[in-house]
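File shown here: protein_18.cif, holding mmCIF, C-alpha atoms and all ligand atoms.
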data_final
#
loop_
_atom_site.label_atom_id
_atom_site.label_comp_id
_atom_site.auth_asym_id
_atom_site.auth_seq_id
_atom_site.Cartn_x
_atom_site.Cartn_y
_atom_site.Cartn_z
CA MET W 27 -44.78 -7.25 4.95
CA GLU W 28 -41.36 -8.04 3.51
CA VAL W 29 -39.12 -4.96 3.70
CA GLU W 30 -37.72 -3.98 0.32
CA THR W 31 -33.98 -3.72 -0.21
CA ALA W 32 -32.84 -0.10 -0.32
CA LEU W 33 -29.10 -0.50 -0.78
CA TYR W 34 -27.55 -3.08 -3.08
CA ILE W 35 -23.86 -3.90 -2.81
CA VAL W 36 -22.95 -4.75 -6.39
CA PRO W 37 -19.72 -6.55 -7.37
CA THR W 38 -18.12 -5.48 -10.65
CA PRO W 39 -15.46 -7.28 -12.76
CA ILE W 40 -11.84 -7.51 -11.53
CA GLY W 41 -10.51 -7.40 -15.09
CA ASN W 42 -12.65 -9.35 -17.53
CA LEU W 43 -15.76 -7.32 -18.33
CA GLU W 44 -17.77 -10.51 -18.86
CA ASP W 45 -17.58 -11.19 -15.12
CA ILE W 46 -20.68 -9.28 -14.12
CA THR W 47 -23.86 -11.15 -13.30
CA LEU W 48 -27.21 -10.75 -15.05
CA ARG W 49 -28.70 -9.70 -11.71
CA ALA W 50 -25.99 -7.07 -11.14
CA ILE W 51 -26.82 -5.56 -14.55
CA ARG W 52 -30.56 -5.59 -13.79
CA ILE W 53 -30.08 -3.97 -10.38
CA LEU W 54 -27.80 -1.27 -11.82
CA LYS W 55 -30.57 -0.53 -14.36
CA GLU W 56 -33.33 -0.46 -11.72
CA VAL W 57 -31.82 1.65 -8.92
CA ASP W 58 -32.33 5.41 -8.69
CA GLY W 59 -28.65 6.12 -8.32
CA ILE W 60 -25.21 4.54 -8.01
CA LEU W 61 -22.61 5.31 -5.36
CA ALA W 62 -19.19 4.77 -6.92
CA GLU W 63 -15.65 4.72 -5.54
CA ASP W 64 -14.46 6.40 -8.74
CA THR W 65 -17.26 7.87 -10.85
CA ARG W 66 -15.03 8.03 -13.93
CA LYS W 67 -14.12 4.30 -13.79
CA THR W 68 -17.72 3.29 -13.05
CA GLY W 69 -18.86 5.59 -15.86
CA ILE W 70 -16.75 3.53 -18.30
CA LEU W 71 -18.30 0.27 -17.07
CA LEU W 72 -21.84 1.70 -17.25
CA LYS W 73 -21.21 2.94 -20.77
CA HIS W 74 -20.07 -0.56 -21.74
CA LEU W 75 -23.29 -1.96 -20.21
CA GLU W 76 -25.34 0.80 -21.89
CA ILE W 77 -26.67 1.99 -18.53
CA SER W 78 -27.18 5.65 -17.77
CA LYS W 79 -27.66 6.50 -14.07
CA PRO W 80 -26.85 9.40 -11.75
CA LEU W 81 -23.50 8.68 -10.06
CA SER W 82 -22.34 10.02 -6.68
CA SER W 83 -18.87 9.52 -5.35
CA TYR W 84 -18.35 7.36 -2.28
CA HIS W 85 -14.74 6.65 -1.36
CA ILE W 86 -12.48 6.36 1.69
CA PHE W 87 -11.81 10.10 1.74
CA ASN W 88 -15.47 11.15 1.94
CA GLU W 89 -17.29 8.16 3.41
CA HIS W 90 -17.52 9.60 6.94
CA GLN W 91 -18.98 12.88 5.60
CA THR W 92 -21.37 11.31 3.09
CA VAL W 93 -22.86 8.42 5.08
CA LYS W 94 -25.47 10.63 6.83
CA ARG W 95 -26.70 12.12 3.54
CA ILE W 96 -26.90 8.67 1.92
CA ILE W 97 -28.94 7.35 4.86
CA GLU W 98 -31.33 10.30 4.36
CA ARG W 99 -31.67 9.47 0.68
CA LEU W 100 -32.42 5.81 1.51
CA HIS W 101 -34.95 6.87 4.19
CA ASN W 102 -36.64 9.06 1.57
CA GLY W 103 -37.28 5.97 -0.53
CA GLU W 104 -34.41 6.10 -3.02
CA LYS W 105 -32.96 2.76 -4.07
CA LEU W 106 -29.18 2.88 -4.44
CA ALA W 107 -26.36 0.58 -5.53
CA LEU W 108 -22.83 0.77 -4.17
CA VAL W 109 -19.97 -0.25 -6.46
CA SER W 110 -16.21 -0.04 -6.07
CA ASP W 111 -13.52 0.16 -8.75
CA ALA W 112 -13.33 -3.63 -9.01
CA GLY W 113 -14.66 -6.69 -7.26
CA THR W 114 -16.93 -6.69 -4.25
CA PRO W 115 -17.33 -3.41 -2.36
CA VAL W 116 -16.37 -3.58 1.36
CA ILE W 117 -13.74 -6.29 0.66
CA SER W 118 -10.55 -4.17 1.04
CA ASP W 119 -12.72 -1.38 -0.36
CA PRO W 120 -15.04 1.30 1.05
CA GLY W 121 -18.55 0.39 2.17
CA PHE W 122 -18.31 -1.08 5.65
CA LEU W 123 -19.37 2.19 7.34
CA LEU W 124 -22.41 2.50 5.09
CA VAL W 125 -23.54 -1.11 5.62
CA ARG W 126 -23.18 -0.65 9.39
CA GLU W 127 -25.20 2.58 9.33
CA CYS W 128 -27.94 0.99 7.22
CA ILE W 129 -28.23 -1.84 9.73
CA ALA W 130 -28.38 0.66 12.62
CA ASN W 131 -31.15 2.54 10.75
CA ASP W 132 -33.21 -0.54 9.81
CA ILE W 133 -32.48 -0.05 6.13
CA LYS W 134 -32.32 -3.31 4.21
CA VAL W 135 -28.96 -3.98 2.54
CA GLU W 136 -28.34 -6.80 0.11
CA CYS W 137 -24.95 -7.88 -1.24
CA LEU W 138 -25.07 -9.56 -4.63
CA PRO W 139 -22.64 -12.46 -5.10
CA GLY W 140 -20.03 -11.79 -7.72
CA ALA W 141 -16.42 -11.06 -8.63
CA THR W 142 -13.80 -10.80 -5.93
CA ALA W 143 -10.07 -11.45 -6.34
CA PHE W 144 -9.36 -13.69 -3.39
CA VAL W 145 -11.71 -16.57 -4.31
CA PRO W 146 -10.13 -17.50 -7.68
CA ALA W 147 -6.65 -17.05 -6.14
CA LEU W 148 -7.48 -19.42 -3.27
CA VAL W 149 -8.95 -22.01 -5.62
CA ASN W 150 -6.05 -21.72 -8.11
CA SER W 151 -3.55 -22.21 -5.26
CA GLY W 152 -4.51 -25.85 -4.73
CA LEU W 153 -4.02 -25.19 -1.00
CA PRO W 154 -6.68 -26.30 1.50
CA ALA W 155 -9.73 -24.11 1.03
CA ASP W 156 -11.96 -25.68 3.68
CA LYS W 157 -10.54 -23.23 6.23
CA PHE W 158 -8.70 -20.03 5.30
CA ILE W 159 -8.12 -16.50 6.55
CA PHE W 160 -8.34 -13.35 4.48
CA GLU W 161 -5.75 -10.89 5.73
CA GLY W 162 -6.24 -8.15 3.10
CA PHE W 163 -3.28 -5.76 2.79
CA LEU W 164 -0.57 -6.00 5.46
CA PRO W 165 0.07 -2.69 7.23
CA HIS W 166 2.91 -0.86 5.43
CA LYS W 167 4.90 0.07 8.53
CA LYS W 168 3.40 0.13 12.02
CA GLY W 169 2.08 -3.26 13.07
CA ARG W 170 3.49 -5.09 10.03
CA GLN W 171 5.89 -7.35 11.94
CA THR W 172 3.21 -8.08 14.55
CA ARG W 173 0.86 -9.32 11.80
CA LEU W 174 3.66 -11.41 10.27
CA ASN W 175 4.38 -12.98 13.70
CA ILE W 176 0.70 -13.86 14.10
CA LEU W 177 0.55 -15.28 10.55
CA ALA W 178 3.61 -17.45 11.28
CA GLU W 179 1.48 -19.47 13.74
CA GLU W 180 -1.63 -19.57 11.54
CA GLU W 181 -2.62 -23.11 10.53
CA ARG W 182 -5.24 -22.12 7.96
CA THR W 183 -4.42 -21.06 4.40
CA ILE W 184 -3.56 -17.35 4.40
CA ILE W 185 -4.70 -14.88 1.73
CA LEU W 186 -3.10 -11.44 1.27
CA TYR W 187 -3.65 -8.60 -1.17
CA GLU W 188 -0.48 -6.87 -2.38
CA SER W 189 0.68 -4.21 -4.81
CA PRO W 190 3.29 -5.11 -7.46
CA HIS W 191 5.97 -2.81 -6.04
CA ARG W 192 5.72 -4.39 -2.58
CA LEU W 193 5.51 -8.03 -3.76
CA LEU W 194 9.19 -8.89 -3.34
CA LYS W 195 9.50 -7.16 0.03
CA THR W 196 6.42 -9.03 1.28
CA LEU W 197 7.58 -12.41 -0.09
CA LYS W 198 10.97 -11.92 1.60
CA GLN W 199 9.37 -10.98 4.92
CA LEU W 200 6.92 -13.90 4.66
CA GLY W 201 9.97 -16.12 4.07
CA GLU W 202 11.74 -14.72 7.15
CA SER W 203 8.72 -15.05 9.43
CA LEU W 204 6.93 -18.15 8.09
CA GLY W 205 9.86 -20.03 6.52
CA THR W 206 10.99 -20.04 2.89
CA ASP W 207 9.84 -23.66 2.36
CA ARG W 208 6.17 -22.83 2.65
CA ILE W 209 4.19 -23.31 -0.55
CA ALA W 210 2.56 -20.15 -1.86
CA LEU W 211 0.74 -18.86 -4.91
CA VAL W 212 1.22 -15.45 -6.45
CA ALA W 213 -1.89 -14.81 -8.55
CA ARG W 214 -1.31 -11.87 -10.87
CA GLU W 215 -3.75 -10.14 -13.20
CA LEU W 216 -6.56 -12.61 -12.52
CA THR W 217 -9.14 -12.82 -15.31
CA LYS W 218 -6.99 -10.58 -17.56
CA ILE W 219 -5.02 -11.44 -20.72
CA HIS W 220 -1.71 -11.70 -18.83
CA GLU W 221 -3.03 -13.75 -15.90
CA GLU W 222 -0.26 -15.64 -14.09
CA ASN W 223 -0.61 -18.15 -11.27
CA ALA W 224 2.90 -18.85 -9.94
CA ARG W 225 2.84 -21.67 -7.38
CA ASP W 226 6.04 -22.72 -5.60
CA THR W 227 7.95 -22.44 -2.35
CA ILE W 228 8.40 -18.88 -1.12
CA SER W 229 12.16 -19.10 -1.89
CA GLU W 230 11.52 -20.14 -5.52
CA LEU W 231 8.85 -17.46 -5.92
CA ILE W 232 11.34 -14.82 -4.76
CA LYS W 233 13.81 -15.99 -7.45
CA HIS W 234 11.06 -16.06 -10.07
CA PHE W 235 9.89 -12.51 -9.37
CA GLU W 236 13.44 -11.13 -8.94
CA ALA W 237 14.10 -12.13 -12.53
CA LYS W 238 11.39 -9.95 -14.07
CA ALA W 239 9.59 -6.62 -13.87
CA ILE W 240 6.51 -7.10 -11.69
CA LYS W 241 3.34 -5.53 -13.01
CA GLY W 242 -0.36 -5.82 -12.32
CA GLU W 243 -2.60 -6.68 -9.43
CA ILE W 244 -1.62 -9.41 -7.02
CA VAL W 245 -3.07 -11.87 -4.52
CA ILE W 246 -0.69 -13.98 -2.40
CA VAL W 247 -1.94 -17.27 -0.95
CA VAL W 248 0.29 -19.03 1.57
CA GLU W 249 0.11 -22.51 3.05
CA GLY W 250 -0.76 -22.53 6.76
CA LYS W 251 1.62 -23.80 9.41
CA GLY W 252 1.89 -27.60 9.48
CA LYS W 253 0.72 -29.33 12.66
N1 LIG C 1 -12.87 -5.29 -3.70
C1 LIG C 1 -11.83 -6.02 -4.38
C2 LIG C 1 -12.16 -7.53 -4.32
O1 LIG C 1 -13.32 -7.87 -4.11
O2 LIG C 1 -11.27 -8.35 -4.52
C3 LIG C 1 -10.46 -5.71 -3.83
C4 LIG C 1 -10.10 -4.25 -3.90
S1 LIG C 1 -8.48 -3.89 -3.33
C5 LIG C 1 -8.51 -2.13 -3.29
C6 LIG C 1 -7.48 -4.16 -4.75
C7 LIG C 1 -6.58 -5.39 -4.59
O3 LIG C 1 -7.32 -6.56 -4.93
C8 LIG C 1 -5.39 -5.39 -5.51
O4 LIG C 1 -4.32 -4.64 -4.97
C9 LIG C 1 -5.07 -6.86 -5.58
O5 LIG C 1 -4.40 -7.27 -4.40
C10 LIG C 1 -6.47 -7.48 -5.58
N2 LIG C 1 -6.96 -7.62 -6.96
C11 LIG C 1 -7.96 -6.95 -7.56
N3 LIG C 1 -8.10 -7.35 -8.84
C12 LIG C 1 -7.18 -8.32 -9.05
C13 LIG C 1 -6.80 -9.13 -10.17
N4 LIG C 1 -7.43 -9.01 -11.33
N5 LIG C 1 -5.80 -10.02 -10.01
C14 LIG C 1 -5.15 -10.15 -8.84
N6 LIG C 1 -5.45 -9.39 -7.76
C15 LIG C 1 -6.44 -8.50 -7.85
#
For the structure just supplied, provide its representation as structure tokens.
Amino acid sequence: MEVETALYIVPTPIGNLEDITLRAIRILKEVDGILAEDTRKTGILLKHLEISKPLSSYHIFNEHQTVKRIIERLHNGEKLALVSDAGTPVISDPGFLLVRECIANDIKVECLPGATAFVPALVNSGLPADKFIFEGFLPHKKGRQTRLNILAEEERTIILYESPHRLLKTLKQLGESLGTDRIALVARELTKIHEENARDTISELIKHFEAKAIKGEIVIVVEGKGK
């Protein structure tokens, strides 16, 4: 007999509320409860979708403590959905521990395809997308230069997540380690009203972003090392 899915990983919009799939909406309506990174933010989305469901919080500060209880709930036959604040849970977001525990406990997990920030950024970059690496956020201090040194030798297109207040620092360090002539894309506020896709050499991007206040959410895509 086919085992039924107990935990659904459900992507939510990264800005534009239209970017939620019909299946995601159906699953959110069908499950017994929703595990949310921020119950208040998810509450706003559910209200918009006219869905009323019990919410429990599941975030990086409680995931170790709550995983066991969630596994019990799933074993007891509850069907749950995991959502994060935006995009696909687990991708630079909480959820990995829970997926791993479900697998260890023979609980069927299913991730729905849907919104995530790095895919539109990669495609908008016009850089080779047949092979790429997703680096997520660089470490803030310890290990940062080591990662940059490794990235300097990387031949595949490189994708990074960054916060607006660290963008210039990161672009400058990418320039120092990878070379300022590399082509890069800074994708800002994807899917939102003020979406910007700035594509240029790292040196020109530094000038561009030095000339204005940097706001919003950011993905950086950098050309890999030439052969
Ligand atoms: N789970 C999310 C996903 O699937 O993309 C990522 C969550 S991570 C905590 C948040 C980071 O994703 C932001 O700092 C930014 O780097 C990137 N991001 C999320 N939404 C974005 C958007 N609308 N435009 C550009 N970058 C975005």
Practice problem: Check every protein, DNA and RNA residue against ligand LIG 1 (chain C), keep those with an atom at most 6 Å away (counting all atoms listed in the file), and present them as a VMD selection string. | Solution: chain W and resid 40 to 41 112 to 115 117 to 119 142 to 144 187 to 189 213 to 217 243 to 245
Preceding selection exported with C-alpha atoms as a PDB file, in the coordinates of the input:
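The new file again.pdb reads:
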ATOM      1  CA  ILE W  40     -11.840  -7.510 -11.530  1.00  0.00           C
ATOM      2  CA  GLY W  41     -10.510  -7.400 -15.090  1.00  0.00           C
ATOM      3  CA  ALA W 112     -13.330  -3.630  -9.010  1.00  0.00           C
ATOM      4  CA  GLY W 113     -14.660  -6.690  -7.260  1.00  0.00           C
ATOM      5  CA  THR W 114     -16.930  -6.690  -4.250  1.00  0.00           C
ATOM      6  CA  PRO W 115     -17.330  -3.410  -2.360  1.00  0.00           C
ATOM      7  CA  ILE W 117     -13.740  -6.290   0.660  1.00  0.00           C
ATOM      8  CA  SER W 118     -10.550  -4.170   1.040  1.00  0.00           C
ATOM      9  CA  ASP W 119     -12.720  -1.380  -0.360  1.00  0.00           C
ATOM     10  CA  THR W 142     -13.800 -10.800  -5.930  1.00  0.00           C
ATOM     11  CA  ALA W 143     -10.070 -11.450  -6.340  1.00  0.00           C
ATOM     12  CA  PHE W 144      -9.360 -13.690  -3.390  1.00  0.00           C
ATOM     13  CA  TYR W 187      -3.650  -8.600  -1.170  1.00  0.00           C
ATOM     14  CA  GLU W 188      -0.480  -6.870  -2.380  1.00  0.00           C
ATOM     15  CA  SER W 189       0.680  -4.210  -4.810  1.00  0.00           C
ATOM     16  CA  ALA W 213      -1.890 -14.810  -8.550  1.00  0.00           C
ATOM     17  CA  ARG W 214      -1.310 -11.870 -10.870  1.00  0.00           C
ATOM     18  CA  GLU W 215      -3.750 -10.140 -13.200  1.00  0.00           C
ATOM     19  CA  LEU W 216      -6.560 -12.610 -12.520  1.00  0.00           C
ATOM     20  CA  THR W 217      -9.140 -12.820 -15.310  1.00  0.00           C
ATOM     21  CA  GLU W 243      -2.600  -6.680  -9.430  1.00  0.00           C
ATOM     22  CA  ILE W 244      -1.620  -9.410  -7.020  1.00  0.00           C
ATOM     23  CA  VAL W 245      -3.070 -11.870  -4.520  1.00  0.00           C
TER      24      VAL W 245
END
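Counting only C-alpha atoms and comparing W:Val116, W:Leu174, W:Val125, W:Val248, the residue that lies closest to Ile209 in chain W is W:Val248.
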Quiz item: What's the 12 Å shell around Asn131 in chain W, counting all atoms listed in the file, without same-chain residues fewer than 2 positions away, as a PyMOL selection string?
Solution: chain W and resi 32+93-94+96-98+100-101+124-129+133-135
Exercise. Compile the contact shell of Leu48 in chain W as a PyMOL selection string: residues with an atom at most 12 Å away, counting all atoms listed in the file, same-chain residues fewer than 6 positions apart removed.
Key: chain W and resi 36-38+54-55+75+138-140
Can you list, as a PDB file with C-alpha atoms, in the coordinates of the input, every protein, DNA or RNA residue that comes within 10 Å of Glu180 in chain W when you count all atoms listed in the file, leaving out same-chain residues fewer than 5 positions away?
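Here's the written file out_16.pdb:
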ATOM      1  CA  PHE W 158      -8.700 -20.030   5.300  1.00  0.00           C
ATOM      2  CA  ILE W 159      -8.120 -16.500   6.550  1.00  0.00           C
ATOM      3  CA  LEU W 174       3.660 -11.410  10.270  1.00  0.00           C
ATOM      4  CA  ASN W 175       4.380 -12.980  13.700  1.00  0.00           C
ATOM      5  CA  LEU W 204       6.930 -18.150   8.090  1.00  0.00           C
ATOM      6  CA  GLU W 249       0.110 -22.510   3.050  1.00  0.00           C
ATOM      7  CA  GLY W 250      -0.760 -22.530   6.760  1.00  0.00           C
ATOM      8  CA  LYS W 251       1.620 -23.800   9.410  1.00  0.00           C
ATOM      9  CA  GLY W 252       1.890 -27.600   9.480  1.00  0.00           C
TER      10      GLY W 252
END
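When CA of Leu71 in chain W is paired with CA of Val212 in chain W, their separation reads 27.2 Å.
Going from CA of Glu56 in chain W to CA of Thr92 in chain W covers 22.4 Å.
The space separating CA of Ala147 in chain W from CA of Ile185 in chain W comes to 8.4 Å.
Using all atoms listed in the file, the contacts of Ala210 in chain W at a cut-off of 8 Å, with sequence neighbours closer than 2 positions omitted, comprise Ser151, Arg208, Val212, Arg225, Asp226, Thr227, Ile228, Leu231, Ile246, Val247, Val248 and Glu249 of chain W.
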Can I get the selected residues back with C-alpha atoms, as a short mmCIF file (atom, residue, chain, number, x, y, z; two decimals), in the frame of the given file?
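Result written to result-v8.cif:
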data_model
loop_
_atom_site.label_atom_id
_atom_site.label_comp_id
_atom_site.auth_asym_id
_atom_site.auth_seq_id
_atom_site.Cartn_x
_atom_site.Cartn_y
_atom_site.Cartn_z
CA SER W 151 -3.55 -22.21 -5.26
CA ARG W 208 6.17 -22.83 2.65
CA VAL W 212 1.22 -15.45 -6.45
CA ARG W 225 2.84 -21.67 -7.38
CA ASP W 226 6.04 -22.72 -5.60
CA THR W 227 7.95 -22.44 -2.35
CA ILE W 228 8.40 -18.88 -1.12
CA LEU W 231 8.85 -17.46 -5.92
CA ILE W 246 -0.69 -13.98 -2.40
CA VAL W 247 -1.94 -17.27 -0.95
CA VAL W 248 0.29 -19.03 1.57
CA GLU W 249 0.11 -22.51 3.05
#
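Residue nearest Lys241 in chain W, chosen from W:Lys157, W:His191, W:Arg173, W:Lys253 and counting all atoms listed in the file: W:His191.
Distances from W:Val145, W:Ile35, W:Ile219, W:Leu177 to Glu202 in chain W were compared using all atoms listed in the file, and the smallest one belongs to W:Leu177.
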Can you sort out range 166-177 of chain W so it carries all heavy atoms, written as a tab-separated table (two decimals), keeping the file's coordinate frame?
chain	number	residue	atom	x	y	z
W	166	HIS	N	1.62	-1.17	6.10
W	166	HIS	CA	2.91	-0.86	5.43
W	166	HIS	C	4.05	-0.74	6.43
W	166	HIS	O	5.15	-1.20	6.17
W	166	HIS	CB	2.78	0.43	4.62
W	166	HIS	CG	1.86	0.27	3.45
W	166	HIS	ND1	1.44	1.30	2.67
W	166	HIS	CD2	1.26	-0.84	2.96
W	166	HIS	CE1	0.63	0.83	1.73
W	166	HIS	NE2	0.50	-0.45	1.90
W	167	LYS	N	3.79	-0.11	7.57
W	167	LYS	CA	4.90	0.07	8.53
W	167	LYS	C	4.48	-0.43	9.91
W	167	LYS	O	4.76	-1.56	10.27
W	167	LYS	CB	5.31	1.55	8.59
W	167	LYS	CG	6.01	2.03	7.33
W	167	LYS	CD	6.73	3.36	7.57
W	167	LYS	CE	7.47	3.79	6.32
W	167	LYS	NZ	6.59	4.53	5.38
W	168	LYS	N	3.76	0.45	10.63
W	168	LYS	CA	3.40	0.13	12.02
W	168	LYS	C	2.50	-1.11	12.07
W	168	LYS	O	1.51	-1.19	11.36
W	168	LYS	CB	2.65	1.34	12.62
W	168	LYS	CG	2.58	1.34	14.11
W	168	LYS	CD	2.09	2.69	14.62
W	168	LYS	CE	1.76	2.62	16.09
W	168	LYS	NZ	0.45	2.03	16.34
W	169	GLY	N	2.90	-2.07	12.88
W	169	GLY	CA	2.08	-3.26	13.07
W	169	GLY	C	2.36	-4.36	12.05
W	169	GLY	O	1.81	-5.45	12.15
W	170	ARG	N	3.24	-4.10	11.08
W	170	ARG	CA	3.49	-5.09	10.03
W	170	ARG	C	4.13	-6.36	10.60
W	170	ARG	O	3.67	-7.47	10.35
W	170	ARG	CB	4.40	-4.45	8.97
W	170	ARG	CG	4.58	-5.28	7.72
W	170	ARG	CD	5.35	-4.49	6.68
W	170	ARG	NE	5.73	-5.31	5.56
W	170	ARG	CZ	5.01	-5.45	4.43
W	170	ARG	NH1	3.89	-4.80	4.30
W	170	ARG	NH2	5.43	-6.23	3.47
W	171	GLN	N	5.20	-6.18	11.39
W	171	GLN	CA	5.89	-7.35	11.94
W	171	GLN	C	4.98	-8.13	12.90
W	171	GLN	O	5.02	-9.36	12.93
W	171	GLN	CB	7.20	-6.92	12.63
W	171	GLN	CG	8.13	-8.09	12.96
W	171	GLN	CD	8.46	-8.98	11.76
W	171	GLN	OE1	8.85	-8.49	10.69
W	171	GLN	NE2	8.28	-10.30	11.89
W	172	THR	N	4.14	-7.40	13.62
W	172	THR	CA	3.21	-8.08	14.55
W	172	THR	C	2.27	-9.00	13.76
W	172	THR	O	2.04	-10.15	14.14
W	172	THR	CB	2.35	-7.02	15.31
W	172	THR	OG1	3.25	-6.07	15.85
W	172	THR	CG2	1.52	-7.63	16.40
W	173	ARG	N	1.74	-8.48	12.62
W	173	ARG	CA	0.86	-9.32	11.80
W	173	ARG	C	1.62	-10.54	11.27
W	173	ARG	O	1.10	-11.65	11.26
W	173	ARG	CB	0.29	-8.55	10.59
W	173	ARG	CG	-0.70	-7.45	10.84
W	173	ARG	CD	-1.87	-7.80	11.68
W	173	ARG	NE	-2.60	-9.01	11.32
W	173	ARG	CZ	-3.40	-9.67	12.15
W	173	ARG	NH1	-3.58	-9.25	13.39
W	173	ARG	NH2	-4.02	-10.76	11.77
W	174	LEU	N	2.86	-10.30	10.82
W	174	LEU	CA	3.66	-11.41	10.27
W	174	LEU	C	3.90	-12.47	11.35
W	174	LEU	O	3.83	-13.68	11.08
W	174	LEU	CB	5.00	-10.89	9.72
W	174	LEU	CG	4.89	-10.14	8.39
W	174	LEU	CD1	6.15	-9.31	8.12
W	174	LEU	CD2	4.66	-11.12	7.23
W	175	ASN	N	4.16	-12.03	12.60
W	175	ASN	CA	4.38	-12.98	13.70
W	175	ASN	C	3.12	-13.80	13.97
W	175	ASN	O	3.19	-15.00	14.22
W	175	ASN	CB	4.79	-12.24	14.98
W	175	ASN	CG	6.15	-11.57	14.83
W	175	ASN	OD1	6.90	-11.88	13.91
W	175	ASN	ND2	6.46	-10.64	15.72
W	176	ILE	N	1.97	-13.14	13.88
W	176	ILE	CA	0.70	-13.86	14.10
W	176	ILE	C	0.48	-14.86	12.96
W	176	ILE	O	0.12	-16.01	13.18
W	176	ILE	CB	-0.48	-12.86	14.22
W	176	ILE	CG1	-0.33	-12.06	15.53
W	176	ILE	CG2	-1.84	-13.56	14.15
W	176	ILE	CD1	-1.23	-10.84	15.65
W	177	LEU	N	0.75	-14.40	11.72
W	177	LEU	CA	0.55	-15.28	10.55
W	177	LEU	C	1.47	-16.49	10.60
W	177	LEU	O	1.12	-17.57	10.11
W	177	LEU	CB	0.77	-14.50	9.25
W	177	LEU	CG	-0.25	-13.41	8.96
W	177	LEU	CD1	0.08	-12.70	7.64
W	177	LEU	CD2	-1.67	-13.98	8.89
